[in-house]
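Chemist: Before we start, here is the structure in question, set down as structure tokens.
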Amino acid sequence: MNSSSNARSTRTSNTGVQVRSAAEGSVRGAQVEIENDSVRTGHIFGQGMGQWLTQELPKGTETPFKSSAWNTFRVLVIGQNIKTWINDVPVTDTTNEKIATEGIIALQVHGHPRGKAREAGATEILSVAWRNIKIRTLE
């Protein structure tokens, strides 16, 4: 699978793209993380697995993600390997046996319990937008 899209989210957002996730019950599988102000954006989280599928990030790593602006994401999945780019900057190249070889693609948003985001200092409403989503099957 080769996909590209544009995403924009507010400072308090935590969202992502599920790739090859389970189609029944709770969504479980590899998720390309999109979390504002986080160096983990573009890395792979095991949704429903409770762990990161990418390596620990080096201290001082900066993210190419621009908060509250349109960002271009590219995800390439071949076998159990996932490569990601944000704004044409390579972010991760991960191979992990826990990455499924088939499954659904889904856009995901973690909601914030009422008041929790405000307690953390957020003054804006949770907002995530997507556009120009393109998905291509690789042969």
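Chain labels follow the order of the structure tokens: the first chain is A, the next B, and so on; residue numbering restarts at 1 in every chain, and ligands are counted from 1 in their shown order.
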Just want the 12 Å neighbourhood of A:Lys66, counted on only C-alpha atoms, with same-chain residues fewer than 6 positions away dropped. Output as a ChimeraX atom specification.

Modeler: /A:6-11,34-39,41,72-73,86-87

Chemist: Would you list the contacts of A:Glu97 as a PyMOL selection string, taking every protein, DNA or RNA residue within 12 Å and counting only C-alpha atoms, but skipping same-chain residues closer than 5 positions in sequence?

Modeler: chain A and resi 29-30+46+53-54+79-82

Chemist: For those residues, write C-alpha atoms to a file as an mmCIF file, in the first residue's frame.

Modeler:
data_model
loop_
_atom_site.group_PDB
_atom_site.id
_atom_site.type_symbol
_atom_site.label_atom_id
_atom_site.label_comp_id
_atom_site.auth_asym_id
_atom_site.auth_seq_id
_atom_site.Cartn_x
_atom_site.Cartn_y
_atom_site.Cartn_z
ATOM 1 C CA GLY A 29 -2.964 -2.799 14.719
ATOM 2 C CA ALA A 30 -0.298 -0.484 13.389
ATOM 3 C CA GLY A 46 0.575 -0.620 18.176
ATOM 4 C CA LEU A 53 6.469 -0.586 17.189
ATOM 5 C CA THR A 54 9.245 1.872 16.330
ATOM 6 C CA GLY A 79 5.099 -6.813 3.924
ATOM 7 C CA GLN A 80 5.739 -6.045 7.588
ATOM 8 C CA ASN A 81 7.681 -2.861 6.797
ATOM 9 C CA ILE A 82 6.230 0.645 7.184
#

Chemist: Please return as a PyMOL selection string: the residues of chain A that backbone DSSP assigns to strand (DSSP E).

Modeler: chain A and resi 2-9+14-21+29-35+44-47+51-52+71-78+81-86+89-95+104-109+128-136

Chemist: Take the selection from the previous step and output its residues with C-alpha atoms, as a compact mmCIF listing (two decimals), in the first residue's frame.

Modeler:
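Ended up saving to result.txt:
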# COMPACT_ATOMS: atom_id res chain seq x y z
CA ASN A 2 1.21 3.46 -0.87
CA SER A 3 -0.78 6.40 0.47
CA SER A 4 -0.51 10.15 0.74
CA SER A 5 -2.72 12.74 2.38
CA ASN A 6 -2.78 16.14 4.00
CA ALA A 7 -3.70 16.48 7.67
CA ARG A 8 -4.16 19.42 9.99
CA SER A 9 -4.90 19.26 13.70
CA ASN A 14 -3.96 13.03 19.08
CA THR A 15 -4.88 11.27 15.87
CA GLY A 16 -3.46 8.80 13.39
CA VAL A 17 -3.89 6.50 10.43
CA GLN A 18 -4.54 2.82 11.10
CA VAL A 19 -2.92 0.53 8.54
CA ARG A 20 -3.66 -3.18 8.23
CA SER A 21 -5.75 -3.10 11.39
CA GLY A 29 -2.96 -2.80 14.72
CA ALA A 30 -0.30 -0.48 13.39
CA GLN A 31 -1.11 3.23 13.65
CA VAL A 32 0.89 6.05 12.11
CA GLU A 33 0.84 8.54 15.01
CA ILE A 34 -0.08 12.20 14.53
CA GLU A 35 0.29 14.08 17.80
CA ILE A 44 4.22 3.59 14.53
CA PHE A 45 2.12 2.80 17.60
CA GLY A 46 0.57 -0.62 18.18
CA GLN A 47 -3.05 0.46 18.79
CA GLN A 51 3.35 -0.40 22.78
CA TRP A 52 5.35 1.49 20.18
CA ASN A 71 1.06 18.74 6.60
CA THR A 72 1.72 16.19 3.87
CA PHE A 73 1.95 12.57 5.02
CA ARG A 74 3.15 9.60 3.00
CA VAL A 75 2.93 6.00 4.19
CA LEU A 76 4.43 3.03 2.33
CA VAL A 77 3.63 -0.47 3.60
CA ILE A 78 5.32 -3.51 2.06
CA ASN A 81 7.68 -2.86 6.80
CA ILE A 82 6.23 0.64 7.18
CA LYS A 83 7.99 3.78 5.97
CA THR A 84 6.63 7.26 6.70
CA TRP A 85 7.39 10.80 5.54
CA ILE A 86 6.07 14.12 6.84
CA VAL A 89 11.11 14.38 5.31
CA PRO A 90 11.71 10.65 6.06
CA VAL A 91 10.54 9.83 9.59
CA THR A 92 10.65 6.08 10.11
CA ASP A 93 11.51 2.84 8.35
CA THR A 94 10.20 0.08 10.61
CA THR A 95 9.98 -3.67 10.17
CA ILE A 104 -8.29 -2.17 7.07
CA ILE A 105 -7.16 1.42 6.69
CA ALA A 106 -8.87 3.90 9.03
CA LEU A 107 -8.55 7.50 10.17
CA GLN A 108 -8.48 7.69 13.95
CA VAL A 109 -8.97 10.42 16.57
CA VAL A 128 -8.64 17.25 12.92
CA ALA A 129 -9.09 17.65 9.16
CA TRP A 130 -7.96 15.51 6.22
CA ARG A 131 -7.83 16.24 2.49
CA ASN A 132 -6.31 14.86 -0.71
CA ILE A 133 -6.32 11.26 0.52
CA LYS A 134 -4.83 8.92 -2.08
CA ILE A 135 -4.38 5.17 -1.59
CA ARG A 136 -2.77 2.85 -4.09

Chemist: Enter the distance from atom CA of A:Thr137 to atom CA of A:Ala69, in Å, rounded to one decimal.

Modeler: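 So the two atoms, atom CA of A:Thr137 and atom CA of A:Ala69, lie 28.2 Å apart.
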
Chemist: Grab the atom CA of A:Met1 to atom CA of A:Glu102 distance for me, in Å with one decimal place.

Modeler: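 So the two atoms, atom CA of A:Met1 and atom CA of A:Glu102, lie 10.1 Å apart.
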
Chemist: Could you give me the residues within chain A that DSSP places in helix (DSSP H, G or I), as a VMD selection string?

Modeler: chain A and resid 116 to 119

Chemist: Just give me the gap between atom CA of A:Ala23 and atom CA of A:Gln55 in Å, one decimal is fine.

Modeler: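 Here the two named atoms are 26.4 Å from each other.
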